[in-house]
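Below is structure.cif, holding mmCIF, C-alpha atoms and all ligand atoms.
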```cif
data_my_file
loop_
_atom_site.label_atom_id
_atom_site.label_comp_id
_atom_site.auth_asym_id
_atom_site.auth_seq_id
_atom_site.Cartn_x
_atom_site.Cartn_y
_atom_site.Cartn_z
CA MET A 1 26.85 229.83 -14.14
CA HIS A 2 24.98 226.65 -14.39
CA SER A 3 24.78 223.31 -16.03
CA ARG A 4 21.62 221.88 -17.50
CA ARG A 5 22.76 218.66 -15.92
CA SER A 6 22.80 220.26 -12.53
CA LEU A 7 20.22 218.80 -10.29
CA ILE A 8 20.87 215.31 -11.52
CA PHE A 9 22.19 215.32 -7.96
CA ALA A 10 18.79 215.93 -6.51
CA ALA A 11 17.80 212.52 -7.76
CA GLY A 12 20.34 211.04 -5.41
CA GLY A 13 21.72 208.79 -8.08
CA ALA A 14 18.35 207.10 -8.62
CA SER A 15 18.35 204.47 -11.28
CA VAL A 16 15.96 205.35 -14.04
CA ALA A 17 15.74 201.69 -14.99
CA ALA A 18 14.22 201.02 -11.59
CA LEU A 19 11.31 203.28 -12.38
CA GLY A 20 9.75 201.04 -14.97
CA GLY A 21 6.13 201.19 -13.82
CA LEU A 22 5.47 204.78 -14.81
CA GLY A 23 2.74 205.85 -17.15
CA ALA A 24 4.09 206.69 -20.58
CA TYR A 25 2.14 209.93 -20.64
CA ARG A 26 4.16 211.39 -17.81
CA VAL A 27 7.58 210.49 -19.00
CA THR A 28 7.10 211.64 -22.56
CA ARG A 29 5.42 214.92 -21.70
CA LYS A 30 6.97 217.90 -23.39
CA PRO A 31 6.50 221.60 -22.78
CA GLN A 32 3.47 222.77 -24.75
CA THR A 33 4.25 226.47 -25.15
CA ALA A 34 7.79 227.14 -23.88
CA LEU A 35 9.46 226.19 -27.14
CA LEU A 36 6.96 227.81 -29.52
CA PRO A 37 9.18 230.87 -30.14
CA TRP A 38 11.63 228.48 -31.84
CA THR A 39 9.06 227.56 -34.49
CA LYS A 40 9.70 229.32 -37.77
CA SER A 41 6.61 231.12 -38.93
CA ASP A 42 5.65 232.20 -42.43
CA ALA A 43 3.31 234.80 -41.01
CA ILE A 44 5.72 237.71 -41.35
CA PRO A 45 4.71 240.70 -39.22
CA VAL A 46 4.03 243.87 -41.18
CA ASP A 47 6.14 245.95 -38.82
CA VAL A 48 9.85 245.12 -39.17
CA ARG A 49 10.32 245.91 -35.47
CA LEU A 50 8.12 242.97 -34.49
CA ASP A 51 10.13 240.75 -36.78
CA ALA A 52 13.33 241.93 -35.13
CA ILE A 53 11.90 241.24 -31.67
CA ARG A 54 10.61 237.74 -32.43
CA HIS A 55 14.08 236.71 -33.61
CA ALA A 56 16.11 238.66 -31.05
CA ILE A 57 14.43 236.85 -28.15
CA LEU A 58 16.25 233.70 -29.30
CA ALA A 59 19.56 235.31 -28.29
CA PRO A 60 21.82 233.72 -25.71
CA ASN A 61 21.58 235.47 -22.34
CA PRO A 62 22.70 234.80 -18.77
CA HIS A 63 20.68 232.07 -17.03
CA ASN A 64 18.09 232.51 -19.76
CA ARG A 65 16.48 235.34 -17.80
CA GLN A 66 15.47 237.21 -20.98
CA PRO A 67 15.43 240.65 -19.30
CA TRP A 68 14.68 242.52 -22.55
CA MET A 69 11.83 245.06 -22.45
CA VAL A 70 10.93 246.97 -25.60
CA LYS A 71 8.67 249.91 -26.27
CA PHE A 72 7.64 251.11 -29.72
CA ASP A 73 8.87 254.65 -30.27
CA GLY A 74 7.38 256.63 -33.14
CA ALA A 75 7.16 254.95 -36.53
CA ASP A 76 10.62 253.44 -36.78
CA ALA A 77 12.29 252.94 -33.39
CA LEU A 78 12.35 250.75 -30.30
CA ILE A 79 13.40 251.80 -26.84
CA VAL A 80 15.02 248.85 -25.10
CA SER A 81 15.32 248.68 -21.32
CA CYS A 82 16.09 246.06 -18.71
CA ASP A 83 13.60 244.27 -16.51
CA LEU A 84 15.60 244.91 -13.36
CA ASN A 85 14.09 241.93 -11.55
CA ARG A 86 15.69 239.59 -14.04
CA ARG A 87 19.30 240.37 -13.15
CA LEU A 88 21.68 238.06 -11.28
CA PRO A 89 23.10 240.21 -8.48
CA GLU A 90 25.14 237.49 -6.74
CA THR A 91 27.11 236.25 -9.74
CA ASP A 92 26.83 239.37 -11.88
CA PRO A 93 27.00 242.20 -9.34
CA PHE A 94 27.58 244.94 -11.94
CA ASP A 95 25.10 243.60 -14.51
CA ARG A 96 27.99 243.13 -16.91
CA GLN A 97 26.83 239.77 -18.19
CA ILE A 98 23.23 240.95 -18.38
CA LEU A 99 24.39 243.72 -20.69
CA ILE A 100 26.30 241.22 -22.85
CA GLY A 101 22.93 239.48 -23.33
CA PHE A 102 21.51 242.79 -24.60
CA GLY A 103 24.34 242.95 -27.13
CA CYS A 104 23.38 239.46 -28.34
CA PHE A 105 19.75 240.62 -28.62
CA PHE A 106 20.71 243.72 -30.65
CA GLU A 107 22.85 241.76 -33.09
CA ILE A 108 20.11 239.25 -33.90
CA ALA A 109 17.59 242.11 -34.20
CA ARG A 110 19.95 243.77 -36.68
CA MET A 111 20.25 240.60 -38.74
CA ALA A 112 16.47 240.08 -38.80
CA ALA A 113 15.99 243.67 -39.96
CA ALA A 114 18.63 243.22 -42.68
CA GLU A 115 16.69 240.21 -43.99
CA ARG A 116 13.95 242.69 -44.86
CA GLY A 117 16.23 245.37 -46.23
CA TYR A 118 16.33 247.52 -43.12
CA ARG A 119 19.44 248.99 -41.56
CA MET A 120 19.24 248.97 -37.76
CA THR A 121 21.16 251.56 -35.82
CA VAL A 122 21.89 251.39 -32.10
CA GLU A 123 22.06 254.49 -29.97
CA PRO A 124 23.34 253.21 -26.62
CA PHE A 125 22.14 254.78 -23.37
CA PRO A 126 20.21 257.69 -24.98
CA ASN A 127 19.41 259.15 -21.53
CA GLY A 128 22.93 258.69 -20.18
CA GLN A 129 25.17 255.92 -18.89
CA PRO A 130 24.14 253.73 -15.97
CA GLY A 131 26.28 253.67 -12.85
CA ALA A 132 27.68 250.59 -11.15
CA ARG A 133 24.41 248.79 -11.85
CA LEU A 134 21.79 249.13 -14.56
CA ASP A 135 18.75 251.26 -13.85
CA SER A 136 15.36 251.82 -15.42
CA GLN A 137 16.71 254.19 -18.08
CA PRO A 138 16.92 252.83 -21.64
CA ILE A 139 19.83 250.60 -22.63
CA ALA A 140 19.45 251.69 -26.25
CA ARG A 141 17.27 253.21 -28.89
CA LEU A 142 17.13 251.06 -32.02
CA ARG A 143 16.13 252.63 -35.33
CA PHE A 144 15.03 250.72 -38.41
CA ILE A 145 15.70 252.45 -41.73
CA LEU A 146 14.81 250.99 -45.13
CA ASP A 147 18.08 251.00 -47.09
CA SER A 148 18.68 249.39 -50.47
CA ALA A 149 22.39 249.07 -49.66
CA VAL A 150 21.76 246.73 -46.71
CA GLN A 151 23.11 243.22 -47.14
CA ARG A 152 21.59 240.09 -45.67
CA ASP A 153 23.80 238.34 -43.16
CA PRO A 154 24.54 234.66 -43.88
CA LEU A 155 24.76 233.99 -40.13
CA PHE A 156 21.04 234.72 -39.78
CA GLU A 157 20.25 231.24 -41.11
CA SER A 158 21.65 229.73 -37.93
CA VAL A 159 19.54 231.75 -35.49
CA PHE A 160 17.03 228.90 -35.04
CA LEU A 161 19.79 226.27 -34.83
CA ARG A 162 22.08 227.95 -32.28
CA HIS A 163 21.89 226.51 -28.79
CA THR A 164 24.23 226.59 -25.83
CA ASN A 165 25.55 223.05 -25.59
CA ARG A 166 26.25 221.61 -22.13
CA ALA A 167 27.05 218.12 -23.40
CA GLU A 168 30.49 216.65 -22.93
CA PHE A 169 32.51 217.39 -26.07
CA ASP A 170 34.65 214.98 -28.06
CA VAL A 171 38.08 215.51 -26.55
CA VAL A 172 39.78 213.06 -28.90
CA ARG A 173 38.72 214.91 -32.03
CA GLY A 174 39.82 218.32 -30.82
CA VAL A 175 39.22 221.47 -32.84
CA ALA A 176 41.46 222.22 -35.83
CA ALA A 177 43.29 225.50 -36.28
CA LYS A 178 41.34 226.55 -39.38
CA PRO A 179 37.82 226.84 -37.92
CA LEU A 180 39.27 228.60 -34.89
CA ALA A 181 41.01 231.12 -37.17
CA GLN A 182 37.70 231.73 -38.98
CA LEU A 183 36.02 232.43 -35.66
CA ARG A 184 38.81 234.78 -34.58
CA ASP A 185 38.17 236.75 -37.77
CA LEU A 186 34.74 237.69 -36.40
CA ALA A 187 36.37 240.13 -33.98
CA SER A 188 35.30 243.75 -34.29
CA SER A 189 37.25 246.93 -33.70
CA GLY A 190 35.99 246.91 -30.11
CA ALA A 191 36.18 243.21 -29.15
CA THR A 192 38.95 240.73 -29.90
CA VAL A 193 38.35 236.99 -30.29
CA LYS A 194 41.09 234.63 -29.13
CA THR A 195 41.30 230.84 -29.05
CA GLU A 196 43.41 228.04 -27.63
CA ASN A 197 43.58 224.41 -28.76
CA GLU A 198 47.07 223.40 -27.69
CA PRO A 199 46.39 220.59 -25.19
CA SER A 200 48.74 221.60 -22.39
CA ARG A 201 47.54 225.22 -22.43
CA VAL A 202 43.90 224.12 -22.74
CA GLN A 203 44.44 222.02 -19.65
CA ILE A 204 45.67 224.99 -17.62
CA ILE A 205 42.63 227.07 -18.60
CA ARG A 206 40.33 224.13 -17.95
CA ASN A 207 41.71 223.49 -14.46
CA LEU A 208 41.02 227.07 -13.51
CA ALA A 209 37.58 227.16 -15.16
CA VAL A 210 36.56 223.97 -13.35
CA ALA A 211 37.91 225.19 -10.00
CA ALA A 212 35.92 228.41 -10.41
CA PHE A 213 32.75 226.49 -11.23
CA ILE A 214 33.20 224.35 -8.12
CA LYS A 215 33.78 227.44 -6.02
CA GLU A 216 30.52 228.93 -7.25
CA LEU A 217 28.68 225.72 -6.40
CA ASP A 218 30.14 225.76 -2.90
CA ILE A 219 29.13 229.30 -2.00
CA SER A 220 25.60 229.19 -0.70
CA ARG A 221 24.40 232.54 -2.02
CA THR A 222 25.79 232.05 -5.55
CA TYR A 223 24.54 228.48 -5.71
CA MET A 224 21.11 229.51 -4.48
CA GLU A 225 20.83 232.23 -7.11
CA SER A 226 20.86 229.44 -9.70
CA ALA A 227 18.90 226.90 -7.67
CA ARG A 228 15.96 229.30 -7.31
CA LEU A 229 15.76 229.60 -11.08
CA ILE A 230 15.32 225.92 -11.69
CA ARG A 231 12.14 224.75 -13.41
CA ILE A 232 11.46 221.07 -13.01
CA GLY A 233 9.32 219.30 -15.61
CA SER A 234 7.19 220.51 -18.49
CA LYS A 235 4.47 222.10 -16.38
CA GLU A 236 6.87 224.42 -14.58
CA ILE A 237 8.81 225.11 -17.76
CA ASP A 238 5.63 226.17 -19.58
CA ALA A 239 4.58 228.33 -16.60
CA ASN A 240 7.98 230.07 -16.40
CA PRO A 241 9.87 229.55 -19.67
CA ASP A 242 13.17 230.97 -18.46
CA GLY A 243 15.92 230.19 -15.96
CA ILE A 244 17.38 226.70 -15.80
CA SER A 245 15.00 224.10 -17.13
CA LEU A 246 15.21 220.47 -16.20
CA GLY A 247 12.92 218.71 -18.62
CA GLY A 248 12.83 215.54 -20.65
CA PRO A 249 12.00 211.94 -19.75
CA LEU A 250 14.53 211.60 -16.92
CA PHE A 251 13.32 214.62 -14.97
CA GLU A 252 9.65 213.94 -15.71
CA THR A 253 10.19 210.48 -14.26
CA LEU A 254 12.04 211.71 -11.19
CA LEU A 255 9.35 214.29 -10.63
CA ALA A 256 6.53 211.79 -11.00
CA THR A 257 8.15 209.47 -8.46
CA GLY A 258 8.92 212.23 -5.97
CA GLN A 259 12.66 211.84 -6.38
CA ILE A 260 13.26 215.42 -7.33
CA SER A 261 11.83 218.51 -5.70
CA HIS A 262 12.77 222.13 -5.10
CA ALA A 263 13.49 221.28 -1.48
CA ALA A 264 16.01 218.59 -2.46
CA VAL A 265 17.61 220.92 -4.98
CA GLU A 266 18.07 223.64 -2.40
CA ASP A 267 19.44 221.41 0.37
CA THR A 268 23.18 221.49 -0.19
CA ASN A 269 23.74 219.27 2.84
CA SER A 270 21.83 216.37 1.38
CA ALA A 271 23.57 213.20 0.31
CA ALA A 272 21.87 213.65 -3.03
CA PHE A 273 23.59 216.99 -3.57
CA LYS A 274 26.98 215.51 -2.78
CA GLN A 275 26.43 212.55 -5.10
CA GLY A 276 25.41 214.81 -7.92
CA ARG A 277 28.35 217.18 -7.93
CA GLU A 278 30.45 215.33 -10.46
CA PRO A 279 27.77 215.07 -13.18
CA GLN A 280 27.41 218.82 -13.01
CA ILE A 281 31.12 219.48 -13.22
CA ALA A 282 31.81 216.92 -15.98
CA PRO A 283 30.82 219.13 -18.94
CA TYR A 284 33.18 221.85 -17.73
CA ARG A 285 35.97 219.26 -17.66
CA SER A 286 35.48 218.26 -21.28
CA ALA A 287 37.08 221.11 -23.17
CA PRO A 288 39.03 220.35 -26.33
CA ALA A 289 39.49 224.07 -26.99
CA TYR A 290 38.54 227.49 -25.65
CA ILE A 291 37.42 230.71 -27.24
CA TRP A 292 37.27 234.04 -25.46
CA ILE A 293 36.41 237.66 -26.11
CA THR A 294 38.51 240.52 -24.75
CA THR A 295 37.82 244.24 -24.76
CA PRO A 296 40.40 247.02 -24.22
CA ALA A 297 38.47 248.27 -21.16
CA ASN A 298 35.34 247.29 -19.26
CA THR A 299 33.00 250.03 -20.49
CA ARG A 300 29.26 249.54 -20.90
CA GLU A 301 29.70 249.90 -24.67
CA ALA A 302 32.38 247.21 -24.59
CA GLN A 303 29.96 244.87 -22.83
CA LEU A 304 27.30 245.45 -25.50
CA GLU A 305 29.90 244.96 -28.22
CA THR A 306 30.99 241.69 -26.61
CA GLY A 307 27.44 240.36 -26.88
CA ARG A 308 27.26 241.29 -30.55
CA VAL A 309 30.54 239.51 -31.29
CA TYR A 310 29.72 236.55 -29.04
CA VAL A 311 26.47 235.75 -30.81
CA ARG A 312 28.15 236.06 -34.20
CA VAL A 313 30.84 233.63 -33.11
CA ASN A 314 28.21 231.29 -31.68
CA LEU A 315 26.19 231.39 -34.93
CA ALA A 316 29.29 230.86 -37.08
CA ALA A 317 30.37 227.94 -34.88
CA THR A 318 26.88 226.45 -35.29
CA ARG A 319 27.29 226.66 -39.06
CA MET A 320 30.58 224.80 -38.79
CA GLY A 321 29.03 222.03 -36.67
CA LEU A 322 30.86 223.23 -33.56
CA SER A 323 29.22 223.58 -30.15
CA MET A 324 29.91 226.21 -27.53
CA HIS A 325 29.33 226.43 -23.79
CA PRO A 326 30.34 229.51 -21.80
CA ALA A 327 32.30 228.94 -18.60
CA SER A 328 31.81 232.34 -17.00
CA GLN A 329 32.59 231.71 -13.37
CA ALA A 330 36.25 232.80 -13.31
CA LEU A 331 35.28 236.07 -15.01
CA GLN A 332 32.76 237.07 -12.36
CA GLU A 333 33.26 239.98 -10.02
CA TYR A 334 32.30 238.83 -6.53
CA PRO A 335 34.90 238.77 -3.75
CA GLU A 336 35.41 235.00 -3.47
CA MET A 337 36.21 234.89 -7.19
CA THR A 338 38.91 237.58 -7.15
CA GLU A 339 41.84 235.18 -7.19
CA ALA A 340 40.47 233.07 -10.05
CA PHE A 341 39.52 236.25 -11.91
CA THR A 342 43.05 237.63 -11.68
CA LYS A 343 44.63 234.31 -12.66
CA MET A 344 42.29 233.83 -15.62
CA HIS A 345 42.98 237.33 -16.91
CA SER A 346 46.69 236.73 -16.71
CA LEU A 347 46.40 233.27 -18.35
CA LEU A 348 44.35 234.67 -21.21
CA GLY A 349 46.75 237.54 -21.81
CA ALA A 350 44.52 240.39 -20.64
CA GLN A 351 46.75 243.11 -19.21
CA ASN A 352 46.60 246.85 -18.66
CA GLY A 353 42.91 247.14 -17.95
CA MET A 354 41.86 244.74 -20.70
CA ARG A 355 38.86 242.69 -19.76
CA VAL A 356 37.99 239.12 -20.70
CA GLN A 357 34.23 239.40 -21.15
CA MET A 358 33.34 235.87 -22.29
CA LEU A 359 35.08 232.50 -22.09
CA ALA A 360 33.56 229.38 -23.63
CA ARG A 361 34.66 225.86 -24.27
CA ILE A 362 34.26 224.82 -27.88
CA GLY A 363 34.18 221.44 -29.55
CA TYR A 364 32.02 218.75 -31.09
CA GLY A 365 29.13 217.52 -28.94
CA SER A 366 25.83 215.75 -29.48
CA ALA A 367 23.06 218.11 -30.55
CA ALA A 368 21.72 220.45 -27.89
CA ALA A 369 18.01 221.10 -27.36
CA PRO A 370 16.53 224.59 -27.51
CA SER A 371 15.95 226.36 -24.22
CA PRO A 372 12.54 227.86 -23.39
CA ARG A 373 11.52 231.37 -24.27
CA TRP A 374 8.79 233.73 -23.17
CA PRO A 375 6.69 234.79 -26.18
CA ALA A 376 7.78 237.94 -28.03
CA GLN A 377 4.64 239.74 -26.90
CA SER A 378 5.60 239.44 -23.24
CA HIS A 379 8.64 241.68 -23.83
CA ILE A 380 6.65 244.53 -25.30
CA ILE A 381 5.71 247.41 -23.00
CA PRO A 382 2.35 248.74 -24.19
C1 LIG B 401 27.10 236.56 -20.69
C2 LIG B 401 26.69 235.11 -20.70
C3 LIG B 401 27.24 234.24 -19.79
C4 LIG B 401 26.89 232.89 -19.78
N1 LIG B 401 27.50 232.02 -18.90
C5 LIG B 401 27.14 230.72 -18.87
C6 LIG B 401 27.79 229.79 -18.00
O1 LIG B 401 28.70 230.15 -17.25
N2 LIG B 401 27.38 228.50 -18.01
C7 LIG B 401 26.39 228.07 -18.84
O2 LIG B 401 26.05 226.90 -18.79
N3 LIG B 401 25.78 228.91 -19.71
C8 LIG B 401 26.13 230.21 -19.75
N4 LIG B 401 25.56 231.07 -20.64
C9 LIG B 401 24.57 230.55 -21.62
C10 LIG B 401 23.15 230.86 -21.19
O3 LIG B 401 22.81 230.13 -20.04
C11 LIG B 401 22.20 230.54 -22.36
O4 LIG B 401 22.47 231.44 -23.41
C12 LIG B 401 20.74 230.63 -21.98
O5 LIG B 401 20.41 229.63 -21.05
C13 LIG B 401 19.83 230.48 -23.20
O6 LIG B 401 20.08 229.25 -23.84
P1 LIG B 401 20.52 229.17 -25.37
O7 LIG B 401 21.83 229.89 -25.52
O8 LIG B 401 20.66 227.70 -25.64
O9 LIG B 401 19.44 229.81 -26.20
C14 LIG B 401 25.91 232.42 -20.69
C15 LIG B 401 25.36 233.30 -21.64
C16 LIG B 401 25.75 234.63 -21.65
C17 LIG B 401 25.16 235.57 -22.68
#
```
For the structure just supplied, provide its representation as C-alpha cells.
Amino acid sequence: MHSRRSLIFAAGGASVAALGGLGAYRVTRKPQTALLPWTKSDAIPVDVRLDAIRHAILAPNPHNRQPWMVKFDGADALIVSCDLNRRLPETDPFDRQILIGFGCFFEIARMAAAERGYRMTVEPFPNGQPGARLDSQPIARLRFILDSAVQRDPLFESVFLRHTNRAEFDVVRGVAAKPLAQLRDLASSGATVKTENEPSRVQIIRNLAVAAFIKELDISRTYMESARLIRIGSKEIDANPDGISLGGPLFETLLATGQISHAAVEDTNSAAFKQGREPQIAPYRSAPAYIWITTPANTREAQLETGRVYVRVNLAATRMGLSMHPASQALQEYPEMTEAFTKMHSLLGAQNGMRVQMLARIGYGSAAAPSPRWPAQSHIIP
C-alpha cells in the first residue's frame, strides 16, 4: 500500500544539510497526543472490555485507518462494526484487507482479556454475512467470560513493541530456517503460514512484489487514495492520528521551509515526484525472506482468521528481533492488478481457490517507530 518513506519525493531531493538556519523548536517537534495510546498505563480499567479495547487499537491495520467501532452490549459483550468511511475502496475494493485488520484487533483483544483471566469468544457476523462489501451490520459480537482455565498468552508482552517496519532490511544476514519454522508453526486450522528464504526464489517473489508496488504508484486513483491520507508534521499527525504519517525532524524541516506540501505530494507530474520514486520503492526491494498467509478459500471468516494469525506472527517475529513489512499490492483485487495477482498466487503455491491473504517481507532492520493512534475512547459508540 504505502511506504512511510513515500513523499520523500515531494521534497524534490532537497538537502537537509542546506537547511541549517531553522529553529530547533520546529525540527524537534514531536506529536503531543498521537502516540499516547502506546504508553503503558498502570491505571487498569475496571471493565475488562475497556482493557481489551485499549490494547486492540494497537493492532496492525490497512493504511492505519483504524476503522473499529465498538458498542457495549449488556454486561459482558461488545458489538464491533466498521466505520465505513475508513475503508480503502480503490486498493481494497471488497474490504478484504479491512477485515483482516479486524481479525488483528480481535486477537489482541483476546490476549488482553486473557491477561485478566477472561476468555473472549467471537461470534462473527451475528446479523448475517456482508455481501461484496462490508455494511453497517456488526462484524462480530465479542463476549468476555471469567474462566479460571484461561491461560495468559506470552505474545501479549510484545503488543507495545510490535511495529510495521518499512526500513531496508539486512540482506546479507538473511533469515535462518529455524525462526521461520517457528513462525510457520503459528498457523491455525483455517490459515496456513508459509515462508521463503532461498535467495533465487526470494528474488522472483521480490521482483513481482516490487513491480506491483510500482504499478500501484503509477495508477492515479490508487496512488491518490494513499496520497490523500498523508499527514505531514506533528500538528497534522496530532489532529488526525491515522493514515500515513510523515513526521520527524526531516519532514518538520521540509514543512517549515515550504519544501513539502499536500499540493506537491498530489502532483504526480512534478519533478519532485519523479525524483522521489526510488526512495519509496527501495524498502520493497530489500527482502531477505518472505512470509505469507494462505486460506483454503476467500470467505469472510478466512479473512478474519488471517488477521488473527498475522498479528500472532508479527508479535512472535518481534520477540525474535525480526521485522516485518507487508507488501500487499500484488494481492489486491482491482483490474490493473489481475496479472500480478494471478502470477503471485501461482508463485506462492495457491491453487484451487486458495487465497494468499497476506504477504510480508521479513528480516532484520533498524528499530521502527510506533504509528499514531486515535484514543480508545474515540472508537466507542455511546
Ligand atoms: C491487511 C494489511 C495490509 C497491509 N499492507 C501494507 C502494505 O502493503 N504496505 C505497508 O507499508 N504496510 C502495510 N500494512 C501495514 C499497515 O500500514 C500498518 O499496520 C499500519 O500503518 C499501522 O502501523 P503499525 O503496524 O506499525 O502499528 C498492512 C496491514 C494490514 C493489516
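Using only C-alpha atoms, the nearest neighbour of Arg361 (chain A) within the list A:Arg312, A:Lys40, A:Arg221, A:Arg206 is A:Arg206.
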May I have the residues within 9 Å of ligand LIG 401 (chain B), computed using only C-alpha atoms and all ligand atoms, as a ChimeraX atom specification? /A:1-4,57-66,96-104,162-166,213,242-245,284,306-307,310-311,314,325-330,357-360,368-373
Hey, what's within 10 Å of region 148-160 of chain A if we count all atoms listed in the file and toss same-chain stuff fewer than 4 positions away? As a count of residues only, please? 32
For a test of reading the model, state the distance in Å between CA of Phe125 (chain A) and CA of Gln332 (chain A), rounded to one decimal. 23.4 Å
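Coordinates place CA of Arg141 (chain A) at a distance of 11.7 Å from CA of Gly128 (chain A).
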Please determine, counting all atoms listed in the file, which residue among A:Ala209, A:Leu254, A:Leu217, A:Gly321 has the shortest atom-to-atom distance to Arg285 (chain A). A:Ala209
Can you write region 74-97 of chain A from the block above with C-alpha atoms, as an mmCIF file, in the first residue's frame?
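What follows is the written file selection-v7.cif:
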```
data_model
loop_
_atom_site.group_PDB
_atom_site.id
_atom_site.type_symbol
_atom_site.label_atom_id
_atom_site.label_comp_id
_atom_site.auth_asym_id
_atom_site.auth_seq_id
_atom_site.Cartn_x
_atom_site.Cartn_y
_atom_site.Cartn_z
ATOM 1 C CA GLY A 74 -25.134 -5.894 28.140
ATOM 2 C CA ALA A 75 -22.735 -6.684 30.962
ATOM 3 C CA ASP A 76 -20.190 -8.797 29.126
ATOM 4 C CA ALA A 77 -20.151 -8.190 25.367
ATOM 5 C CA LEU A 78 -19.025 -5.787 22.669
ATOM 6 C CA ILE A 79 -20.606 -5.325 19.278
ATOM 7 C CA VAL A 80 -17.907 -4.449 16.766
ATOM 8 C CA SER A 81 -18.724 -2.746 13.481
ATOM 9 C CA CYS A 82 -16.843 -0.937 10.744
ATOM 10 C CA ASP A 83 -16.637 2.803 10.237
ATOM 11 C CA LEU A 84 -17.461 2.558 6.548
ATOM 12 C CA ASN A 85 -15.759 5.860 5.754
ATOM 13 C CA ARG A 86 -12.433 4.401 6.763
ATOM 14 C CA ARG A 87 -12.229 1.773 4.040
ATOM 15 C CA LEU A 88 -9.905 1.852 1.024
ATOM 16 C CA PRO A 89 -12.183 1.247 -1.963
ATOM 17 C CA GLU A 90 -9.555 1.706 -4.695
ATOM 18 C CA THR A 91 -6.957 -0.749 -3.410
ATOM 19 C CA ASP A 92 -9.263 -2.912 -1.312
ATOM 20 C CA PRO A 93 -12.484 -2.989 -3.346
ATOM 21 C CA PHE A 94 -14.043 -5.866 -1.382
ATOM 22 C CA ASP A 95 -12.908 -4.676 2.064
ATOM 23 C CA ARG A 96 -10.880 -7.863 2.385
ATOM 24 C CA GLN A 97 -7.855 -6.187 3.902
#
```
